[in-house]
file coords_19.txt (compact mmCIF, C-alpha atoms)
# COMPACT_ATOMS: atom_id res chain seq x y z
CA MET V 962 -34.99 15.18 -9.17
CA SER V 963 -35.13 15.28 -5.37
CA GLU V 964 -33.10 16.31 -2.36
CA LEU V 965 -30.14 14.06 -1.60
CA SER V 966 -27.58 13.76 1.19
CA ILE V 967 -23.83 14.05 0.84
CA TYR V 968 -23.69 10.92 3.02
CA ASP V 969 -25.49 8.96 0.29
CA PRO V 970 -23.42 7.05 -2.29
CA ILE V 971 -22.62 9.26 -5.29
CA HIS V 972 -23.15 7.92 -8.80
CA PHE V 973 -19.75 7.99 -10.56
CA GLY V 974 -20.69 6.12 -13.75
CA VAL V 975 -20.44 2.49 -14.84
CA ASP V 976 -17.67 -0.09 -14.91
CA GLU V 977 -16.50 -2.04 -17.95
CA ASN V 978 -19.30 -4.56 -17.39
CA GLY V 979 -21.96 -1.86 -17.34
CA VAL V 980 -22.43 -2.15 -13.57
CA ARG V 981 -23.32 1.08 -11.79
CA VAL V 982 -20.42 2.55 -9.80
CA GLU V 983 -21.30 4.44 -6.61
CA VAL V 984 -18.88 5.94 -4.11
CA THR V 985 -19.53 7.36 -0.66
CA LEU V 986 -17.24 10.39 -0.36
CA ALA V 987 -18.29 11.51 3.13
CA GLY V 988 -15.23 11.05 5.33
CA ARG V 989 -12.99 10.66 2.29
CA ASN V 990 -11.06 12.73 -0.27
CA LEU V 991 -10.78 12.28 -4.05
CA LEU V 992 -7.92 12.94 -6.46
CA PRO V 993 -8.91 12.76 -10.15
CA GLY V 994 -6.09 13.36 -12.63
CA GLY V 995 -5.26 13.03 -16.30
CA GLU V 996 -4.61 14.88 -19.52
CA PRO V 997 -6.79 17.84 -20.56
CA GLY V 998 -9.97 16.58 -22.20
CA SER V 999 -9.70 13.14 -20.62
CA GLY V 1000 -12.94 13.36 -18.64
CA LYS V 1001 -11.98 14.69 -15.21
CA SER V 1002 -14.53 17.49 -15.47
CA SER V 1003 -17.32 14.98 -16.14
CA LEU V 1004 -16.67 13.26 -12.83
CA VAL V 1005 -16.19 16.51 -10.91
CA ASN V 1006 -19.45 17.94 -12.28
CA THR V 1007 -21.33 14.78 -11.29
CA ILE V 1008 -20.00 15.06 -7.73
CA VAL V 1009 -20.84 18.77 -7.49
CA ALA V 1010 -24.33 18.05 -8.87
CA HIS V 1011 -24.97 15.52 -6.11
CA ALA V 1012 -23.63 17.90 -3.46
CA SER V 1013 -25.71 20.80 -4.79
CA LEU V 1014 -28.86 18.72 -4.28
CA SER V 1015 -27.78 17.76 -0.76
CA ALA V 1016 -29.24 20.02 1.90
CA ASP V 1017 -26.56 18.86 4.34
CA CYS V 1018 -23.60 20.03 2.25
CA ARG V 1019 -22.00 23.40 1.60
CA LEU V 1020 -20.13 24.02 -1.65
CA TRP V 1021 -16.70 25.67 -1.57
CA LEU V 1022 -15.56 25.83 -5.20
CA PHE V 1023 -12.14 26.95 -6.44
CA ASP V 1024 -11.99 27.30 -10.23
CA GLY V 1025 -8.70 28.76 -11.41
CA LYS V 1026 -9.75 28.72 -15.07
CA LEU V 1027 -13.18 30.24 -14.37
CA VAL V 1028 -14.64 27.70 -16.79
CA GLU V 1029 -15.03 24.25 -15.29
CA LEU V 1030 -17.13 25.15 -12.24
CA ASP V 1031 -18.55 28.52 -13.21
CA GLN V 1032 -22.02 27.12 -13.97
CA TRP V 1033 -22.30 26.10 -10.31
CA ARG V 1034 -21.51 29.58 -8.99
CA ALA V 1035 -25.20 30.38 -8.38
CA VAL V 1036 -25.49 27.55 -5.83
CA ALA V 1037 -22.00 27.74 -4.34
CA ASP V 1038 -21.62 28.94 -0.78
CA VAL V 1039 -18.09 30.06 -1.67
CA PHE V 1040 -16.63 30.60 -5.14
CA VAL V 1041 -12.98 31.50 -5.81
CA GLY V 1042 -11.47 32.20 -9.22
CA ASN V 1043 -7.93 33.14 -10.19
CA ASP V 1044 -7.31 35.66 -7.40
CA MET V 1045 -4.44 34.20 -5.37
CA ASP V 1046 -4.91 36.51 -2.41
CA LEU V 1047 -8.56 35.50 -2.20
CA ALA V 1048 -7.66 31.83 -2.62
CA ILE V 1049 -5.27 31.95 0.33
CA ALA V 1050 -7.67 33.96 2.51
CA THR V 1051 -10.53 31.57 1.74
CA ALA V 1052 -8.39 28.50 2.37
CA ARG V 1053 -7.44 29.99 5.74
CA GLU V 1054 -11.12 30.53 6.47
CA LEU V 1055 -11.81 26.87 5.73
CA GLN V 1056 -8.87 25.87 7.90
CA HIS V 1057 -10.31 27.99 10.72
CA GLU V 1058 -13.71 26.32 10.29
CA MET V 1059 -11.95 22.96 10.55
CA ASP V 1060 -10.25 24.02 13.80
CA ILE V 1061 -13.60 25.10 15.26
CA ARG V 1062 -15.09 21.73 14.41
CA TYR V 1063 -12.19 19.90 16.03
CA ALA V 1064 -12.70 21.97 19.17
CA MET V 1065 -16.37 20.96 19.15
CA LEU V 1066 -15.42 17.30 18.80
CA ARG V 1067 -12.97 17.52 21.71
CA GLN V 1068 -15.66 19.05 23.91
CA VAL V 1069 -17.97 16.08 23.39
CA GLY V 1070 -15.24 13.44 23.31
CA ARG V 1071 -15.81 12.47 19.71
CA ARG V 1072 -13.38 11.67 16.89
CA LYS V 1073 -15.35 12.75 13.82
CA ILE V 1074 -18.46 14.48 12.48
CA VAL V 1075 -21.26 12.06 11.55
CA ARG V 1076 -24.51 12.34 9.64
CA ASP V 1077 -26.74 12.69 12.70
CA ASP V 1078 -24.82 15.68 14.08
CA GLY V 1079 -26.89 18.07 11.98
CA LEU V 1080 -23.74 19.96 10.99
CA ASP V 1081 -23.35 20.57 7.26
CA ALA V 1082 -20.52 18.80 5.50
CA ILE V 1083 -18.34 20.91 3.20
CA LEU V 1084 -17.38 19.83 -0.31
CA PHE V 1085 -14.11 21.61 -1.13
CA VAL V 1086 -13.44 21.34 -4.87
CA LEU V 1087 -10.21 22.58 -6.46
CA ASP V 1088 -9.97 22.73 -10.25
CA GLU V 1089 -7.20 23.00 -11.39
CA PHE V 1090 -4.79 22.19 -8.52
CA ALA V 1091 -1.57 23.28 -10.27
CA LEU V 1092 -2.90 26.77 -11.01
CA TYR V 1093 -2.86 27.56 -7.30
CA THR V 1094 0.31 25.63 -6.46
CA ALA V 1095 2.58 26.20 -9.46
CA THR V 1096 1.20 28.98 -11.68
CA TYR V 1097 -0.61 31.90 -10.03
CA GLY V 1098 0.90 34.34 -7.56
CA SER V 1099 4.39 34.45 -6.09
CA LYS V 1100 6.37 31.47 -4.85
CA GLU V 1101 5.62 32.54 -1.29
CA GLN V 1102 1.89 32.62 -2.02
CA ARG V 1103 1.94 29.23 -3.70
CA ASP V 1104 3.90 27.70 -0.81
CA GLU V 1105 1.43 29.17 1.68
CA PHE V 1106 -1.53 27.80 -0.25
CA VAL V 1107 0.04 24.32 -0.41
CA ARG V 1108 0.72 24.40 3.33
CA ILE V 1109 -2.90 25.24 4.16
CA PHE V 1110 -4.26 22.84 1.54
CA ARG V 1111 -2.21 19.94 2.88
CA ASP V 1112 -3.55 20.59 6.38
CA ILE V 1113 -7.15 20.65 5.13
CA VAL V 1114 -6.70 17.38 3.23
CA ALA V 1115 -4.93 15.71 6.15
CA ARG V 1116 -7.36 16.75 8.92
CA GLY V 1117 -10.53 17.72 7.12
CA ARG V 1118 -12.17 14.33 6.72
CA ALA V 1119 -12.97 13.92 10.41
CA ALA V 1120 -14.31 17.49 10.46
CA GLY V 1121 -16.80 16.83 7.66
CA ILE V 1122 -14.68 18.44 4.92
CA ILE V 1123 -14.47 16.45 1.67
CA THR V 1124 -11.69 17.55 -0.68
CA VAL V 1125 -11.79 16.93 -4.43
CA ALA V 1126 -8.67 18.19 -6.21
CA ALA V 1127 -8.38 17.75 -10.00
CA ILE V 1128 -4.97 17.80 -11.67
CA GLN V 1129 -3.81 17.91 -15.28
CA ARG V 1130 -0.58 16.36 -16.56
CA PRO V 1131 0.26 14.68 -13.25
CA SER V 1132 3.88 14.98 -12.17
CA ALA V 1133 5.76 14.45 -8.92
CA ASP V 1134 6.49 18.16 -8.53
CA ILE V 1135 2.77 18.99 -8.74
CA ILE V 1136 1.40 16.21 -6.54
CA PRO V 1137 4.13 14.71 -4.32
CA THR V 1138 3.63 11.21 -2.96
CA SER V 1139 3.15 12.42 0.61
CA LEU V 1140 0.20 14.56 -0.50
CA ARG V 1141 -1.23 12.04 -2.95
CA ASP V 1142 -1.39 9.38 -0.26
CA LEU V 1143 -3.79 11.54 1.78
CA PHE V 1144 -6.50 10.90 -0.83
CA SER V 1145 -8.56 7.77 -0.14
CA TYR V 1146 -9.98 7.67 -3.67
CA ARG V 1147 -8.03 8.38 -6.85
CA VAL V 1148 -9.04 8.25 -10.49
CA ALA V 1149 -6.49 8.14 -13.30
CA PHE V 1150 -7.97 9.29 -16.59
CA ARG V 1151 -5.98 9.22 -19.83
CA CYS V 1152 -2.26 9.89 -19.26
CA THR V 1153 0.62 9.98 -21.73
CA THR V 1154 2.98 7.83 -19.66
CA ASP V 1155 2.87 4.96 -17.19
CA SER V 1156 4.67 7.11 -14.64
CA SER V 1157 1.99 9.80 -14.83
CA SER V 1158 -0.66 7.14 -14.25
CA ASP V 1159 1.27 5.80 -11.26
CA ILE V 1160 1.64 9.29 -9.81
CA ILE V 1161 -2.14 9.36 -9.42
CA LEU V 1162 -2.82 5.74 -8.47
CA THR V 1163 0.39 4.68 -6.68
CA GLN V 1164 3.75 3.50 -7.93
CA GLY V 1165 3.63 0.03 -9.45
CA TRP V 1166 0.03 -0.27 -10.67
CA ALA V 1167 1.06 0.35 -14.29
CA LYS V 1168 3.33 -2.69 -14.24
CA GLU V 1169 0.38 -4.73 -12.99
CA GLY V 1170 -1.62 -3.73 -16.06
CA TYR V 1171 -3.52 -0.78 -14.58
CA SER V 1172 -2.19 2.12 -16.62
CA ALA V 1173 -4.13 5.13 -17.85
CA ARG V 1174 -1.64 5.34 -20.72
CA THR V 1175 -3.61 2.59 -22.47
CA ILE V 1176 -6.77 4.72 -22.54
CA THR V 1177 -7.21 6.24 -25.99
CA PRO V 1178 -8.32 9.83 -26.70
CA GLU V 1179 -11.58 8.45 -28.06
CA GLN V 1180 -12.38 6.87 -24.67
CA LEU V 1181 -13.51 10.11 -23.08
CA GLY V 1182 -14.40 9.74 -19.42
CA VAL V 1183 -12.72 6.35 -19.03
CA GLY V 1184 -10.38 5.99 -16.07
CA TRP V 1185 -9.04 3.73 -13.35
CA LEU V 1186 -10.75 4.20 -9.98
CA LEU V 1187 -8.69 3.18 -6.96
CA ALA V 1188 -10.30 2.94 -3.54
CA GLU V 1189 -8.31 2.80 -0.33
CA GLY V 1190 -7.07 -0.74 0.17
CA GLY V 1191 -8.48 -1.97 -3.15
CA ILE V 1192 -7.35 -2.57 -6.71
CA PRO V 1193 -8.03 -0.23 -9.65
CA ARG V 1194 -11.42 -0.59 -11.33
CA ARG V 1195 -11.94 0.60 -14.89
CA ILE V 1196 -14.94 2.96 -15.09
CA LYS V 1197 -16.58 5.38 -17.47
CA ALA V 1198 -17.58 8.56 -15.69
CA ALA V 1199 -21.13 9.83 -15.97
CA TYR V 1200 -21.56 12.88 -18.17
CA LEU V 1201 -23.65 16.01 -17.63
CA SER V 1202 -24.19 18.33 -20.59
CA ASP V 1203 -24.40 22.10 -20.11
CA ASP V 1204 -28.19 21.80 -20.33
CA ASP V 1205 -28.15 19.06 -17.69
CA ILE V 1206 -26.10 21.25 -15.37
CA ARG V 1207 -28.42 24.21 -15.85
CA ALA V 1208 -31.38 21.98 -14.98
CA VAL V 1209 -29.67 20.70 -11.82
CA VAL V 1210 -28.70 24.24 -10.80
CA ALA V 1211 -32.31 25.40 -11.19
CA VAL V 1212 -33.52 22.68 -8.82
CA ALA V 1213 -30.59 23.15 -6.44
CA ARG V 1214 -31.27 26.89 -6.16
CA HIS V 1215 -34.80 26.11 -5.06
CA LEU V 1216 -33.70 23.44 -2.58
CA ARG V 1217 -30.86 25.53 -1.15
CA GLY V 1218 -32.70 28.85 -1.14
CA HIS V 1219 -30.08 30.64 -3.22
CA ARG V 1220 -30.80 33.76 -5.20
CA ALA V 1221 -29.30 34.45 -8.60
CA ALA V 1222 -25.67 35.54 -8.43

call {"tool": "encode", "arguments": {"input": "coords_19.txt", "output": "structure tokens"}}
result
Amino acid sequence: MSELSIYDPIHFGVDENGVRVEVTLAGRNLLPGGEPGSGKSSLVNTIVAHASLSADCRLWLFDGKLVELDQWRAVADVFVGNDMDLAIATARELQHEMDIRYAMLRQVGRRKIVRDDGLDAILFVLDEFALYTATYGSKEQRDEFVRIFRDIVARGRAAGIITVAAIQRPSADIIPTSLRDLFSYRVAFRCTTDSSSDIILTQGWAKEGYSARTITPEQLGVGWLLAEGGIPRRIKAAYLSDDDIRAVVAVARHLRGHRAA
């Protein structure tokens, strides 16, 4: 296991023909969604593992359930749990960092951060999205978080901020179309309805035969991956066991110079 770069392609898993699936997330955002237990966490953990071994990437992890991402806490630069005040304050901090980076780009007449700039990218992972936008805190707090989050997703890519936001039981009130369309990559894991699948991928794909409703509960980690401008591709996400994650964390702590939390 060796040091990687967040600008390298990230191993997502394999397609239905057993061909390796790799995705370059730098300069992009990712929206994985589906029912609980469908395999979203497998994909998110694989992405965080790659980022943790990348010396050119900072980890900003938001884990509302304090379960899915907790094992990565020791190598996270920022870790937020179910404290809504902290979530909003931290999101504002990230927004401020984004503004600073845009100011830097304007000064040098550039449009985006690139690999050779020597400025760390930021992987901003939110699991689970609805906890911060529909469950925790007051309505005013949730609205404020959504406002900041939307700005980060919309402007963050050029500033070297990669957003990965996982959602359960996708619905239009949780992830409106205008927000969904800001994500270049989307993955629909098992859903109970065609409409839920389309909420993740885009309206109409289910009628074309690309529906996550057809994925059975036994097909853990199977989903439809949609890239910007492409057609959905059926994949099976790579899986990291708890032991695997602990092993990656041990190496990442050495590479990143973190001390135990």

call {"tool": "atom_distance", "arguments": {"input": "coords_19.txt", "atom1": "CA of Arg1130 in chain V", "atom2": "CA of Leu1092 in chain V"}}
result
12.0 Å

call {"tool": "residues_around", "arguments": {"input": "coords_19.txt", "residues": "Cys1152 in chain V", "least_positions_apart": "5", "cutoff": "6 Å", "atoms": "only C-alpha atoms", "output": "CSV table (one decimal) with C-alpha atoms, in the frame of the given file"}}
result
chain,number,residue,atom,x,y,z
V,995,GLY,CA,-5.3,13.0,-16.3
V,996,GLU,CA,-4.6,14.9,-19.5
V,1158,SER,CA,-0.7,7.1,-14.2
V,1173,ALA,CA,-4.1,5.1,-17.8
V,1174,ARG,CA,-1.6,5.3,-20.7

call {"tool": "atom_distance", "arguments": {"input": "coords_19.txt", "atom1": "CA of Tyr1146 in chain V", "atom2": "CA of Ala1082 in chain V"}}
result
17.9 Å

call {"tool": "residues_around", "arguments": {"input": "coords_19.txt", "residues": "Gln1180 in chain V", "least_positions_apart": "4", "cutoff": "12 Å", "atoms": "all atoms listed in the file", "output": "mmCIF file with C-alpha atoms, keeping the file's coordinate frame"}}
result
data_model
loop_
_atom_site.group_PDB
_atom_site.id
_atom_site.type_symbol
_atom_site.label_atom_id
_atom_site.label_comp_id
_atom_site.auth_asym_id
_atom_site.auth_seq_id
_atom_site.Cartn_x
_atom_site.Cartn_y
_atom_site.Cartn_z
ATOM 1 C CA GLU V 977 -16.500 -2.040 -17.950
ATOM 2 C CA GLY V 998 -9.970 16.580 -22.200
ATOM 3 C CA SER V 999 -9.700 13.140 -20.620
ATOM 4 C CA GLY V 1000 -12.940 13.360 -18.640
ATOM 5 C CA PHE V 1150 -7.970 9.290 -16.590
ATOM 6 C CA ARG V 1151 -5.980 9.220 -19.830
ATOM 7 C CA CYS V 1152 -2.260 9.890 -19.260
ATOM 8 C CA ALA V 1173 -4.130 5.130 -17.850
ATOM 9 C CA ARG V 1174 -1.640 5.340 -20.720
ATOM 10 C CA THR V 1175 -3.610 2.590 -22.470
ATOM 11 C CA ILE V 1176 -6.770 4.720 -22.540
ATOM 12 C CA GLY V 1184 -10.380 5.990 -16.070
ATOM 13 C CA ARG V 1195 -11.940 0.600 -14.890
ATOM 14 C CA ILE V 1196 -14.940 2.960 -15.090
ATOM 15 C CA LYS V 1197 -16.580 5.380 -17.470
ATOM 16 C CA ALA V 1198 -17.580 8.560 -15.690
#

call {"tool": "closest_residue", "arguments": {"input": "coords_19.txt", "among": "V:Pro1178, V:Gly974, V:Gly1218, V:Gly1070", "to": "Ala1035 in chain V", "atoms": "all atoms listed in the file"}}
result
V:Gly1218

call {"tool": "closest_residue", "arguments": {"input": "coords_19.txt", "among": "V:Ile1128, V:Ala1167, V:Leu1201, V:Ile1122", "to": "Pro997 in chain V", "atoms": "only C-alpha atoms"}}
result
V:Ile1128

call {"tool": "closest_residue", "arguments": {"input": "coords_19.txt", "among": "V:Gln1102, V:Thr1138, V:Ser1013, V:Ser1202", "to": "Arg1214 in chain V", "atoms": "all atoms listed in the file"}}
result
V:Ser1013

call {"tool": "closest_residue", "arguments": {"input": "coords_19.txt", "among": "V:Glu1189, V:Glu1179, V:Asp1203, V:Asp1088", "to": "Asn990 in chain V", "atoms": "only C-alpha atoms"}}
result
V:Glu1189

call {"tool": "axis_aligned_box", "arguments": {"input": "coords_19.txt", "around": "range 1088-1092 of chain V", "padding_each_side": "8 Å", "output": "JSON"}}
result
{"center_x": -5.8, "center_y": 24.5, "center_z": -10.0, "size_x": 24.4, "size_y": 20.6, "size_z": 18.9}

call {"tool": "residues_around", "arguments": {"input": "coords_19.txt", "residues": "Ala1208 in chain V", "least_positions_apart": "2", "cutoff": "12 Å", "atoms": "all atoms listed in the file", "output": "PDB file with C-alpha atoms, in the coordinates of the input"}}
result
ATOM      1  CA  MET V 962     -34.990  15.180  -9.170  1.00  0.00           C
ATOM      2  CA  ALA V1010     -24.330  18.050  -8.870  1.00  0.00           C
ATOM      3  CA  SER V1013     -25.710  20.800  -4.790  1.00  0.00           C
ATOM      4  CA  LEU V1014     -28.860  18.720  -4.280  1.00  0.00           C
ATOM      5  CA  GLN V1032     -22.020  27.120 -13.970  1.00  0.00           C
ATOM      6  CA  TRP V1033     -22.300  26.100 -10.310  1.00  0.00           C
ATOM      7  CA  LEU V1201     -23.650  16.010 -17.630  1.00  0.00           C
ATOM      8  CA  SER V1202     -24.190  18.330 -20.590  1.00  0.00           C
ATOM      9  CA  ASP V1203     -24.400  22.100 -20.110  1.00  0.00           C
ATOM     10  CA  ASP V1204     -28.190  21.800 -20.330  1.00  0.00           C
ATOM     11  CA  ASP V1205     -28.150  19.060 -17.690  1.00  0.00           C
ATOM     12  CA  ILE V1206     -26.100  21.250 -15.370  1.00  0.00           C
ATOM     13  CA  VAL V1210     -28.700  24.240 -10.800  1.00  0.00           C
ATOM     14  CA  ALA V1211     -32.310  25.400 -11.190  1.00  0.00           C
ATOM     15  CA  VAL V1212     -33.520  22.680  -8.820  1.00  0.00           C
ATOM     16  CA  ALA V1213     -30.590  23.150  -6.440  1.00  0.00           C
ATOM     17  CA  ARG V1214     -31.270  26.890  -6.160  1.00  0.00           C
ATOM     18  CA  HIS V1215     -34.800  26.110  -5.060  1.00  0.00           C
TER      19      HIS V1215
END

call {"tool": "residues_near_point", "arguments": {"input": "coords_19.txt", "point": "(-7.9, 32.4, -7.5)", "cutoff": "12 Å", "atoms": "only C-alpha atoms", "output": "JSON, numbers by chain"}}
result
{"V": [1022, 1023, 1024, 1025, 1026, 1027, 1039, 1040, 1041, 1042, 1043, 1044, 1045, 1046, 1047, 1048, 1049, 1050, 1051, 1052, 1087, 1088, 1089, 1090, 1091, 1092, 1093, 1094, 1096, 1097, 1098, 1102, 1103, 1106]}

call {"tool": "residues_around", "arguments": {"input": "coords_19.txt", "residues": "Met1059 in chain V", "least_positions_apart": "3", "cutoff": "12 Å", "atoms": "all atoms listed in the file", "output": "VMD selection string"}}
result
chain V and resid 1052 to 1056 1062 to 1066 1073 to 1074 1082 to 1083 1085 1109 to 1110 1112 to 1123

call {"tool": "residues_around", "arguments": {"input": "coords_19.txt", "residues": "Leu992 in chain V", "least_positions_apart": "5", "cutoff": "8 Å", "atoms": "all atoms listed in the file", "output": "number ranges by chain"}}
result
V: 1125-1128, 1141, 1144, 1146-1148, 1161

call {"tool": "atom_distance", "arguments": {"input": "coords_19.txt", "atom1": "CA of Ser1172 in chain V", "atom2": "CA of Ala1012 in chain V"}}
result
29.7 Å

call {"tool": "closest_residue", "arguments": {"input": "coords_19.txt", "among": "V:Ile967, V:Val1005, V:Pro1137, V:Leu1162", "to": "Arg1019 in chain V", "atoms": "all atoms listed in the file"}}
result
V:Ile967

call {"tool": "closest_residue", "arguments": {"input": "coords_19.txt", "among": "V:Leu991, V:Leu1143, V:Ala1199, V:Leu986", "to": "Leu1186 in chain V", "atoms": "all atoms listed in the file"}}
result
V:Leu991

call {"tool": "residues_near_point", "arguments": {"input": "coords_19.txt", "point": "(-4.2, -0.3, -6.2)", "cutoff": "9 Å", "atoms": "all atoms listed in the file", "output": "VMD selection string"}}
result
chain V and resid 1162 to 1166 1171 1186 to 1194
